[in-house]
Amino acid sequence: MSHSQPQYDPKVLLNCQPVIVAVIDPCSYKVVFQNQVSLEKFGDISDQTCHDKIAACATPCEFCKMPEALKTGEIMASEVPLPNDEYLLVQWSKADTTDGRTHIVEAITDITQSKRQQKQAEALNRQFEAANCELRSLNQQLKDYSVRDGLTGLYNRAHFEELLQQMGAQAVRSGEPLSLLFLDFDNFKSINDTYGHTTGDQVLREMGRLLDGRRPIALEQRIWRASDVAARYGGEEFAVLLPNTSAEGAVFLAEQLRECVTRLGNVPELMALAMHSCTLSCSIGVATFPAHAAPYDLVSAADKALYVAKNTGKNRVQVCELENATLV
């Protein structure tokens, strides 16, 4: 036994929809049908233009895509923001009548709630991204605090020794030279005793600026490469690792550094020294792998060279002497 298909009144179906539905003659823009929701929202606007009675526009609305829907036969849509922070989704679809005419079905849905939820989600995402960015920054700061000296901003001794192991192993594998400069201010104790520890600390900060390849110093041209590694080794002692640098290249850089240190007293923060004709200087010891020592002995070899420089006049560069070197 066959069952006949149920028959529905199209108007009843349209009246069951929870959205505003109006059927419009695209030639005149006049409304020819409204469903119940449309009647409750706008009243009976039959035979009146949709743009006037629905959107309060004297001419077709800027957002209207009725002509495109009529031309392409595809469903067109626009999201329309209202002045009271509400949003409507307006859709147009082509519908042919039984007598050969073409009308447009305009459906209007209130999407205010979903748009507000979308905005809230976007705001939460922005807050989340900002929090993540701040967390990343804090994590970087924590990492910096663990590996950097608080006064000079250079790497601390512990991290420098870790990097020396890594770069030394790389130099052994590649066969490329690795040089180390070990330097110490001359007569630094007298600066602290004469001008105070505040001035002494500022001297160390300026040395940090000079050695830190991340920060250019105003009075001197940067002499370091991005691959070079500088650290405050302890007190007024500093160390610089120079990968793929021969002893001759290291001496050249050490002499440049020594000259720069003699002019550190000219920076505004150290004018007290310049006013009293106090000239800063440093002594530098140089050691190179493989010429003078194994990578793990470079500090000791450069320190011995520094000792020689201190005891032969100061304010000079001394290369590690082979009889004092620890060869590979």
# chains A, B, ... in the order shown; residues from 1 in each chain; ligands from 1
call {"tool": "select_by_dssp", "arguments": {"residues": "segment 145-284 of chain A", "states": "strand (DSSP E or B)", "output": "PyMOL selection string"}}
result
chain A and resi 148+155+178-185+229-234+237-243+282-284
call {"tool": "write_last_selection", "arguments": {"atoms": "N, CA and C atoms", "output": "PDB file, in the first residue's frame"}}
result
ATOM      1  N   ARG A 148      73.542  35.342  32.735  1.00  0.00           N
ATOM      2  CA  ARG A 148      74.209  36.635  32.550  1.00  0.00           C
ATOM      3  C   ARG A 148      74.574  37.282  33.887  1.00  0.00           C
ATOM      4  N   TYR A 155      77.715  37.360  29.707  1.00  0.00           N
ATOM      5  CA  TYR A 155      77.544  36.025  30.253  1.00  0.00           C
ATOM      6  C   TYR A 155      78.337  35.896  31.556  1.00  0.00           C
ATOM      7  N   LEU A 178      90.640  28.248  17.758  1.00  0.00           N
ATOM      8  CA  LEU A 178      89.764  28.892  18.738  1.00  0.00           C
ATOM      9  C   LEU A 178      90.658  29.688  19.676  1.00  0.00           C
ATOM     10  N   SER A 179      90.429  31.003  19.732  1.00  0.00           N
ATOM     11  CA  SER A 179      91.271  31.864  20.565  1.00  0.00           C
ATOM     12  C   SER A 179      90.487  32.397  21.751  1.00  0.00           C
ATOM     13  N   LEU A 180      91.240  32.719  22.808  1.00  0.00           N
ATOM     14  CA  LEU A 180      90.616  33.257  24.027  1.00  0.00           C
ATOM     15  C   LEU A 180      91.426  34.450  24.505  1.00  0.00           C
ATOM     16  N   LEU A 181      90.727  35.534  24.786  1.00  0.00           N
ATOM     17  CA  LEU A 181      91.345  36.709  25.405  1.00  0.00           C
ATOM     18  C   LEU A 181      90.953  36.723  26.873  1.00  0.00           C
ATOM     19  N   PHE A 182      91.946  36.894  27.726  1.00  0.00           N
ATOM     20  CA  PHE A 182      91.676  36.997  29.168  1.00  0.00           C
ATOM     21  C   PHE A 182      92.220  38.339  29.615  1.00  0.00           C
ATOM     22  N   LEU A 183      91.360  39.208  30.114  1.00  0.00           N
ATOM     23  CA  LEU A 183      91.796  40.572  30.410  1.00  0.00           C
ATOM     24  C   LEU A 183      91.400  40.999  31.808  1.00  0.00           C
ATOM     25  N   ASP A 184      92.172  41.926  32.317  1.00  0.00           N
ATOM     26  CA  ASP A 184      91.980  42.411  33.684  1.00  0.00           C
ATOM     27  C   ASP A 184      92.334  43.895  33.704  1.00  0.00           C
ATOM     28  N   PHE A 185      91.481  44.695  34.380  1.00  0.00           N
ATOM     29  CA  PHE A 185      91.804  46.123  34.512  1.00  0.00           C
ATOM     30  C   PHE A 185      93.087  46.283  35.319  1.00  0.00           C
ATOM     31  N   VAL A 229      82.071  35.454  21.888  1.00  0.00           N
ATOM     32  CA  VAL A 229      81.382  35.306  23.177  1.00  0.00           C
ATOM     33  C   VAL A 229      82.211  35.982  24.262  1.00  0.00           C
ATOM     34  N   ALA A 230      81.575  36.929  24.974  1.00  0.00           N
ATOM     35  CA  ALA A 230      82.256  37.647  26.053  1.00  0.00           C
ATOM     36  C   ALA A 230      81.582  37.356  27.381  1.00  0.00           C
ATOM     37  N   ALA A 231      82.385  37.372  28.453  1.00  0.00           N
ATOM     38  CA  ALA A 231      81.839  37.087  29.779  1.00  0.00           C
ATOM     39  C   ALA A 231      82.613  37.867  30.834  1.00  0.00           C
ATOM     40  N   ARG A 232      81.907  38.149  31.922  1.00  0.00           N
ATOM     41  CA  ARG A 232      82.606  38.640  33.111  1.00  0.00           C
ATOM     42  C   ARG A 232      83.020  37.394  33.888  1.00  0.00           C
ATOM     43  N   TYR A 233      84.322  37.185  33.967  1.00  0.00           N
ATOM     44  CA  TYR A 233      84.818  35.942  34.547  1.00  0.00           C
ATOM     45  C   TYR A 233      84.832  36.001  36.072  1.00  0.00           C
ATOM     46  N   GLY A 234      85.017  37.214  36.589  1.00  0.00           N
ATOM     47  CA  GLY A 234      85.025  37.397  38.031  1.00  0.00           C
ATOM     48  C   GLY A 234      85.681  38.710  38.386  1.00  0.00           C
ATOM     49  N   GLU A 237      87.856  40.834  36.005  1.00  0.00           N
ATOM     50  CA  GLU A 237      88.391  39.973  34.962  1.00  0.00           C
ATOM     51  C   GLU A 237      87.309  39.641  33.932  1.00  0.00           C
ATOM     52  N   PHE A 238      87.702  39.652  32.658  1.00  0.00           N
ATOM     53  CA  PHE A 238      86.787  39.371  31.558  1.00  0.00           C
ATOM     54  C   PHE A 238      87.447  38.387  30.596  1.00  0.00           C
ATOM     55  N   ALA A 239      86.602  37.635  29.899  1.00  0.00           N
ATOM     56  CA  ALA A 239      87.115  36.674  28.925  1.00  0.00           C
ATOM     57  C   ALA A 239      86.307  36.791  27.643  1.00  0.00           C
ATOM     58  N   VAL A 240      86.987  36.586  26.513  1.00  0.00           N
ATOM     59  CA  VAL A 240      86.332  36.645  25.205  1.00  0.00           C
ATOM     60  C   VAL A 240      86.770  35.436  24.388  1.00  0.00           C
ATOM     61  N   LEU A 241      85.797  34.682  23.880  1.00  0.00           N
ATOM     62  CA  LEU A 241      86.069  33.548  23.002  1.00  0.00           C
ATOM     63  C   LEU A 241      85.925  33.989  21.554  1.00  0.00           C
ATOM     64  N   LEU A 242      86.925  33.645  20.739  1.00  0.00           N
ATOM     65  CA  LEU A 242      86.940  34.048  19.333  1.00  0.00           C
ATOM     66  C   LEU A 242      87.021  32.788  18.456  1.00  0.00           C
ATOM     67  N   PRO A 243      85.887  32.272  18.005  1.00  0.00           N
ATOM     68  CA  PRO A 243      85.927  31.072  17.160  1.00  0.00           C
ATOM     69  C   PRO A 243      86.544  31.358  15.797  1.00  0.00           C
ATOM     70  N   CYS A 282      94.039  48.194  30.609  1.00  0.00           N
ATOM     71  CA  CYS A 282      93.901  46.785  30.943  1.00  0.00           C
ATOM     72  C   CYS A 282      95.047  45.999  30.344  1.00  0.00           C
ATOM     73  N   SER A 283      95.300  44.848  30.901  1.00  0.00           N
ATOM     74  CA  SER A 283      96.283  43.914  30.357  1.00  0.00           C
ATOM     75  C   SER A 283      95.522  42.710  29.832  1.00  0.00           C
ATOM     76  N   ILE A 284      96.020  42.142  28.730  1.00  0.00           N
ATOM     77  CA  ILE A 284      95.289  41.068  28.058  1.00  0.00           C
ATOM     78  C   ILE A 284      96.226  39.912  27.753  1.00  0.00           C
TER      79      ILE A 284
END
call {"tool": "residues_around", "arguments": {"residues": "Met76 of chain A", "least_positions_apart": "5", "cutoff": "9 Å", "atoms": "only C-alpha atoms", "output": "list in words"}}
result
Lys65, Met66, Glu68, Ala69, Val90, Gln91, Trp92 and Ser93 of chain A
call {"tool": "write_last_selection", "arguments": {"atoms": "C-alpha atoms", "output": "short mmCIF file (atom, residue, chain, number, x, y, z; two decimals), in the first residue's frame"}}
result
data_model
loop_
_atom_site.label_atom_id
_atom_site.label_comp_id
_atom_site.auth_asym_id
_atom_site.auth_seq_id
_atom_site.Cartn_x
_atom_site.Cartn_y
_atom_site.Cartn_z
CA LYS A 65 23.15 42.07 -3.22
CA MET A 66 19.74 41.48 -4.78
CA GLU A 68 23.86 39.77 -7.97
CA ALA A 69 21.44 37.06 -6.77
CA VAL A 90 20.75 39.35 5.09
CA GLN A 91 20.49 36.69 2.36
CA TRP A 92 18.97 36.92 -1.12
CA SER A 93 17.91 34.03 -3.33
#
call {"tool": "residues_around", "arguments": {"residues": "segment 290-304 of chain A", "least_positions_apart": "4", "cutoff": "9 Å", "atoms": "only C-alpha atoms", "output": "CSV table (one decimal) with N, CA and C atoms, in the first residue's frame"}}
result
chain,number,residue,atom,x,y,z
A,161,GLU,N,81.9,28.9,30.7
A,161,GLU,CA,82.6,27.7,30.7
A,161,GLU,C,81.8,26.6,30.0
A,164,LEU,N,82.5,27.4,26.4
A,164,LEU,CA,83.8,27.0,26.1
A,164,LEU,C,83.9,25.5,25.7
A,165,GLN,N,83.2,24.7,26.5
A,165,GLN,CA,83.2,23.3,26.2
A,165,GLN,C,82.6,23.0,24.9
A,167,MET,N,82.1,25.1,22.2
A,167,MET,CA,82.9,25.7,21.1
A,167,MET,C,84.3,25.0,21.0
A,168,GLY,N,84.8,24.5,22.1
A,168,GLY,CA,86.1,23.8,22.0
A,168,GLY,C,85.9,22.4,21.3
A,169,ALA,N,84.7,21.7,21.6
A,169,ALA,CA,84.5,20.5,21.0
A,169,ALA,C,84.3,20.7,19.5
A,171,ALA,N,85.6,23.1,17.7
A,171,ALA,CA,86.9,23.4,17.1
A,171,ALA,C,87.8,22.2,16.9
A,172,VAL,N,87.7,21.2,17.8
A,172,VAL,CA,88.4,19.9,17.7
A,172,VAL,C,87.9,19.2,16.5
A,175,GLY,N,88.8,21.3,13.3
A,175,GLY,CA,90.2,21.7,13.1
A,175,GLY,C,90.4,23.1,12.9
A,176,GLU,N,89.4,23.9,13.2
A,176,GLU,CA,89.6,25.4,13.1
A,176,GLU,C,90.1,25.9,14.4
A,177,PRO,N,90.9,27.0,14.4
A,177,PRO,CA,91.4,27.6,15.6
A,177,PRO,C,90.4,28.2,16.5
A,178,LEU,N,90.6,28.2,17.8
A,178,LEU,CA,89.8,28.9,18.7
A,178,LEU,C,90.7,29.7,19.7
A,179,SER,N,90.4,31.0,19.7
A,179,SER,CA,91.3,31.9,20.6
A,179,SER,C,90.5,32.4,21.8
A,180,LEU,N,91.2,32.7,22.8
A,180,LEU,CA,90.6,33.3,24.0
A,180,LEU,C,91.4,34.5,24.5
A,181,LEU,N,90.7,35.5,24.8
A,181,LEU,CA,91.3,36.7,25.4
A,181,LEU,C,91.0,36.7,26.9
A,182,PHE,N,91.9,36.9,27.7
A,182,PHE,CA,91.7,37.0,29.2
A,182,PHE,C,92.2,38.3,29.6
A,183,LEU,N,91.4,39.2,30.1
A,183,LEU,CA,91.8,40.6,30.4
A,183,LEU,C,91.4,41.0,31.8
A,239,ALA,N,86.6,37.6,29.9
A,239,ALA,CA,87.1,36.7,28.9
A,239,ALA,C,86.3,36.8,27.6
A,246,SER,N,92.8,32.9,14.5
A,246,SER,CA,94.2,32.5,14.8
A,246,SER,C,94.7,33.4,15.9
A,247,ALA,N,95.9,33.0,16.3
A,247,ALA,CA,96.6,33.8,17.4
A,247,ALA,C,96.9,35.2,16.8
A,284,ILE,N,96.0,42.1,28.7
A,284,ILE,CA,95.3,41.1,28.1
A,284,ILE,C,96.2,39.9,27.8
A,285,GLY,N,95.8,38.7,28.1
A,285,GLY,CA,96.5,37.5,27.8
A,285,GLY,C,95.8,36.8,26.6
A,286,VAL,N,96.5,36.2,25.7
A,286,VAL,CA,96.0,35.6,24.5
A,286,VAL,C,96.5,34.2,24.4
A,308,VAL,N,102.0,37.5,32.8
A,308,VAL,CA,103.2,38.0,32.3
A,308,VAL,C,103.0,39.5,31.9
A,309,ALA,N,101.8,39.8,31.2
A,309,ALA,CA,101.6,41.2,30.8
A,309,ALA,C,101.5,42.1,32.1
A,318,GLN,N,99.7,40.2,25.7
A,318,GLN,CA,100.8,39.2,25.8
A,318,GLN,C,100.2,37.8,25.3
A,319,VAL,N,100.9,37.3,24.3
A,319,VAL,CA,100.5,36.0,23.8
A,319,VAL,C,101.1,34.9,24.7
A,320,CYS,N,100.4,33.8,24.8
A,320,CYS,CA,100.9,32.7,25.6
A,320,CYS,C,102.2,32.2,25.1
A,321,GLU,N,103.2,32.0,26.0
A,321,GLU,CA,104.5,31.5,25.7
A,321,GLU,C,104.4,30.0,25.6
A,322,LEU,N,105.1,29.4,24.6
A,322,LEU,CA,105.0,28.0,24.4
A,322,LEU,C,105.5,27.2,25.5
A,324,ASN,N,105.1,27.8,28.5
A,324,ASN,CA,104.1,27.7,29.6
A,324,ASN,C,102.8,27.1,29.1
A,325,ALA,N,102.7,26.8,27.8
A,325,ALA,CA,101.5,26.3,27.2
A,325,ALA,C,101.2,24.8,27.5
A,326,THR,N,100.0,24.4,27.5
A,326,THR,CA,99.6,23.0,27.7
A,326,THR,C,99.1,22.6,26.3
A,327,LEU,N,99.9,21.9,25.6
A,327,LEU,CA,99.6,21.5,24.2
A,327,LEU,C,98.7,20.3,24.2
A,328,VAL,N,98.0,20.1,23.1
A,328,VAL,CA,97.1,19.0,22.9
A,328,VAL,C,97.8,17.7,22.9
call {"tool": "atom_distance", "arguments": {"atom1": "atom CA of Leu151 of chain A", "atom2": "atom CA of Arg209 of chain A"}}
result
10.7 Å
call {"tool": "select_by_dssp", "arguments": {"residues": "segment 55-226 of chain A", "states": "alpha helix (DSSP H)", "output": "PyMOL selection string"}}
result
chain A and resi 66-72+112-147+157-174+188-195+197-211
call {"tool": "write_last_selection", "arguments": {"atoms": "C-alpha atoms", "output": "tab-separated table (two decimals), in the first residue's frame"}}
result
chain	number	residue	atom	x	y	z
A	66	MET	CA	19.74	41.48	-4.78
A	67	PRO	CA	21.01	42.30	-8.31
A	68	GLU	CA	23.86	39.77	-7.97
A	69	ALA	CA	21.44	37.06	-6.77
A	70	LEU	CA	19.14	37.84	-9.70
A	71	LYS	CA	22.01	37.76	-12.21
A	72	THR	CA	23.86	34.66	-10.99
A	112	THR	CA	23.99	39.73	17.18
A	113	GLN	CA	24.61	37.06	19.78
A	114	SER	CA	26.99	35.06	17.62
A	115	LYS	CA	28.88	38.22	16.59
A	116	ARG	CA	29.22	39.27	20.23
A	117	GLN	CA	30.47	35.82	21.10
A	118	GLN	CA	32.90	36.04	18.21
A	119	LYS	CA	34.16	39.42	19.45
A	120	GLN	CA	34.52	38.04	22.96
A	121	ALA	CA	36.45	35.06	21.62
A	122	GLU	CA	38.71	37.38	19.59
A	123	ALA	CA	39.28	39.57	22.66
A	124	LEU	CA	40.12	36.50	24.74
A	125	ASN	CA	42.51	35.33	22.03
A	126	ARG	CA	44.23	38.72	22.04
A	127	GLN	CA	44.52	38.57	25.82
A	128	PHE	CA	45.85	35.03	25.56
A	129	GLU	CA	48.43	36.07	22.97
A	130	ALA	CA	49.46	39.06	25.11
A	131	ALA	CA	49.79	36.79	28.15
A	132	ASN	CA	51.83	34.31	26.10
A	133	CYS	CA	54.05	37.11	24.83
A	134	GLU	CA	54.58	38.36	28.39
A	135	LEU	CA	55.28	34.81	29.57
A	136	ARG	CA	57.84	34.32	26.80
A	137	SER	CA	59.46	37.60	27.77
A	138	LEU	CA	59.55	36.60	31.44
A	139	ASN	CA	61.00	33.21	30.53
A	140	GLN	CA	63.69	34.92	28.48
A	141	GLN	CA	64.43	37.24	31.39
A	142	LEU	CA	64.70	34.27	33.74
A	143	LYS	CA	67.03	32.57	31.30
A	144	ASP	CA	69.11	35.73	31.01
A	145	TYR	CA	69.27	36.04	34.80
A	146	SER	CA	70.59	32.49	35.00
A	147	VAL	CA	73.33	32.93	32.38
A	157	ARG	CA	81.47	32.50	34.37
A	158	ALA	CA	79.40	29.32	34.64
A	159	HIS	CA	77.70	29.84	31.29
A	160	PHE	CA	80.96	30.93	29.67
A	161	GLU	CA	82.59	27.66	30.74
A	162	GLU	CA	79.67	25.71	29.23
A	163	LEU	CA	80.09	27.61	25.96
A	164	LEU	CA	83.84	27.03	26.05
A	165	GLN	CA	83.22	23.28	26.22
A	166	GLN	CA	80.78	23.42	23.30
A	167	MET	CA	82.90	25.68	21.12
A	168	GLY	CA	86.05	23.75	22.05
A	169	ALA	CA	84.46	20.48	20.96
A	170	GLN	CA	83.41	22.11	17.69
A	171	ALA	CA	86.93	23.43	17.12
A	172	VAL	CA	88.39	19.94	17.70
A	173	ARG	CA	85.96	18.40	15.20
A	174	SER	CA	86.47	21.05	12.54
A	188	PHE	CA	91.31	48.65	39.53
A	189	LYS	CA	91.54	48.57	43.32
A	190	SER	CA	92.88	52.12	43.36
A	191	ILE	CA	89.84	53.28	41.34
A	192	ASN	CA	87.50	51.79	43.94
A	193	ASP	CA	89.57	53.23	46.80
A	194	THR	CA	89.84	56.71	45.26
A	195	TYR	CA	86.49	57.22	43.52
A	197	HIS	CA	82.63	51.47	44.38
A	198	THR	CA	79.86	53.27	42.49
A	199	THR	CA	82.41	54.56	40.01
A	200	GLY	CA	84.11	51.18	39.95
A	201	ASP	CA	80.84	49.49	39.11
A	202	GLN	CA	80.25	51.99	36.31
A	203	VAL	CA	83.67	51.16	34.87
A	204	LEU	CA	82.64	47.50	34.80
A	205	ARG	CA	79.33	48.39	33.15
A	206	GLU	CA	81.12	50.34	30.43
A	207	MET	CA	83.44	47.40	29.85
A	208	GLY	CA	80.31	45.27	29.51
A	209	ARG	CA	78.98	47.65	26.87
A	210	LEU	CA	82.28	47.50	25.03
A	211	LEU	CA	82.43	43.72	25.04
call {"tool": "residues_around", "arguments": {"residues": "Pro60 of chain A", "least_positions_apart": "3", "cutoff": "10 Å", "atoms": "only C-alpha atoms", "output": "compact mmCIF listing (two decimals) with C-alpha atoms, in the first residue's frame"}}
result
# COMPACT_ATOMS: atom_id res chain seq x y z
CA TYR A 29 11.99 46.64 -4.91
CA THR A 49 9.86 49.34 -1.13
CA CYS A 50 12.01 47.10 1.04
CA HIS A 51 14.84 49.60 1.40
CA ASP A 52 12.46 52.27 2.71
CA ALA A 55 16.33 49.57 6.16
CA ALA A 56 15.00 53.16 6.22
CA CYS A 57 16.94 54.02 3.06
CA PHE A 63 24.90 46.31 1.22
CA CYS A 64 22.10 45.01 -1.04
CA LYS A 65 23.15 42.07 -3.22
CA MET A 66 19.74 41.48 -4.78
call {"tool": "closest_residue", "arguments": {"among": "A:Ala226, A:Met271, A:Pro18, A:Arg316", "to": "Ala254 of chain A", "atoms": "only C-alpha atoms"}}
result
A:Arg316
call {"tool": "closest_residue", "arguments": {"among": "A:Leu280, A:Val105, A:Asn35, A:Gly313", "to": "Leu13 of chain A", "atoms": "only C-alpha atoms"}}
result
A:Asn35
call {"tool": "residues_around", "arguments": {"residues": "Glu255 of chain A", "least_positions_apart": "4", "cutoff": "7 Å", "atoms": "only C-alpha atoms", "output": "PyMOL selection string"}}
result
chain A and resi 251+259+317
call {"tool": "residues_around", "arguments": {"residues": "Ile20 of chain A", "least_positions_apart": "6", "cutoff": "10 Å", "atoms": "only C-alpha atoms", "output": "list in words"}}
result
Leu14, Gln34, Asn35, Gln36, Val37, Ser38, Leu39, Glu40, Lys41, Phe42, Val90, Glu106, Ala107, Ile108, Thr109 and Asp110 of chain A
call {"tool": "closest_residue", "arguments": {"among": "A:Pro10, A:Gly100, A:Gly153, A:Pro26", "to": "Gly213 of chain A", "atoms": "only C-alpha atoms"}}
result
A:Gly153
call {"tool": "decode", "arguments": {"residues": "segment 159-191 of chain A", "atoms": "C-alpha atoms", "output": "PDB file, in the first residue's frame"}}
result
ATOM      1  CA  HIS A 159      77.703  29.840  31.289  1.00  0.00           C
ATOM      2  CA  PHE A 160      80.956  30.929  29.670  1.00  0.00           C
ATOM      3  CA  GLU A 161      82.585  27.656  30.745  1.00  0.00           C
ATOM      4  CA  GLU A 162      79.667  25.713  29.228  1.00  0.00           C
ATOM      5  CA  LEU A 163      80.087  27.611  25.957  1.00  0.00           C
ATOM      6  CA  LEU A 164      83.838  27.029  26.052  1.00  0.00           C
ATOM      7  CA  GLN A 165      83.221  23.278  26.223  1.00  0.00           C
ATOM      8  CA  GLN A 166      80.776  23.417  23.298  1.00  0.00           C
ATOM      9  CA  MET A 167      82.901  25.680  21.122  1.00  0.00           C
ATOM     10  CA  GLY A 168      86.052  23.754  22.045  1.00  0.00           C
ATOM     11  CA  ALA A 169      84.462  20.477  20.957  1.00  0.00           C
ATOM     12  CA  GLN A 170      83.410  22.112  17.688  1.00  0.00           C
ATOM     13  CA  ALA A 171      86.934  23.430  17.116  1.00  0.00           C
ATOM     14  CA  VAL A 172      88.394  19.941  17.697  1.00  0.00           C
ATOM     15  CA  ARG A 173      85.956  18.404  15.203  1.00  0.00           C
ATOM     16  CA  SER A 174      86.467  21.053  12.537  1.00  0.00           C
ATOM     17  CA  GLY A 175      90.169  21.651  13.061  1.00  0.00           C
ATOM     18  CA  GLU A 176      89.556  25.398  13.102  1.00  0.00           C
ATOM     19  CA  PRO A 177      91.435  27.602  15.592  1.00  0.00           C
ATOM     20  CA  LEU A 178      89.764  28.892  18.738  1.00  0.00           C
ATOM     21  CA  SER A 179      91.271  31.864  20.565  1.00  0.00           C
ATOM     22  CA  LEU A 180      90.616  33.257  24.027  1.00  0.00           C
ATOM     23  CA  LEU A 181      91.345  36.709  25.405  1.00  0.00           C
ATOM     24  CA  PHE A 182      91.676  36.997  29.168  1.00  0.00           C
ATOM     25  CA  LEU A 183      91.796  40.572  30.410  1.00  0.00           C
ATOM     26  CA  ASP A 184      91.980  42.411  33.684  1.00  0.00           C
ATOM     27  CA  PHE A 185      91.804  46.123  34.512  1.00  0.00           C
ATOM     28  CA  ASP A 186      95.082  47.606  35.686  1.00  0.00           C
ATOM     29  CA  ASN A 187      95.058  49.164  39.158  1.00  0.00           C
ATOM     30  CA  PHE A 188      91.308  48.653  39.527  1.00  0.00           C
ATOM     31  CA  LYS A 189      91.535  48.566  43.322  1.00  0.00           C
ATOM     32  CA  SER A 190      92.880  52.120  43.365  1.00  0.00           C
ATOM     33  CA  ILE A 191      89.835  53.279  41.340  1.00  0.00           C
TER      34      ILE A 191
END
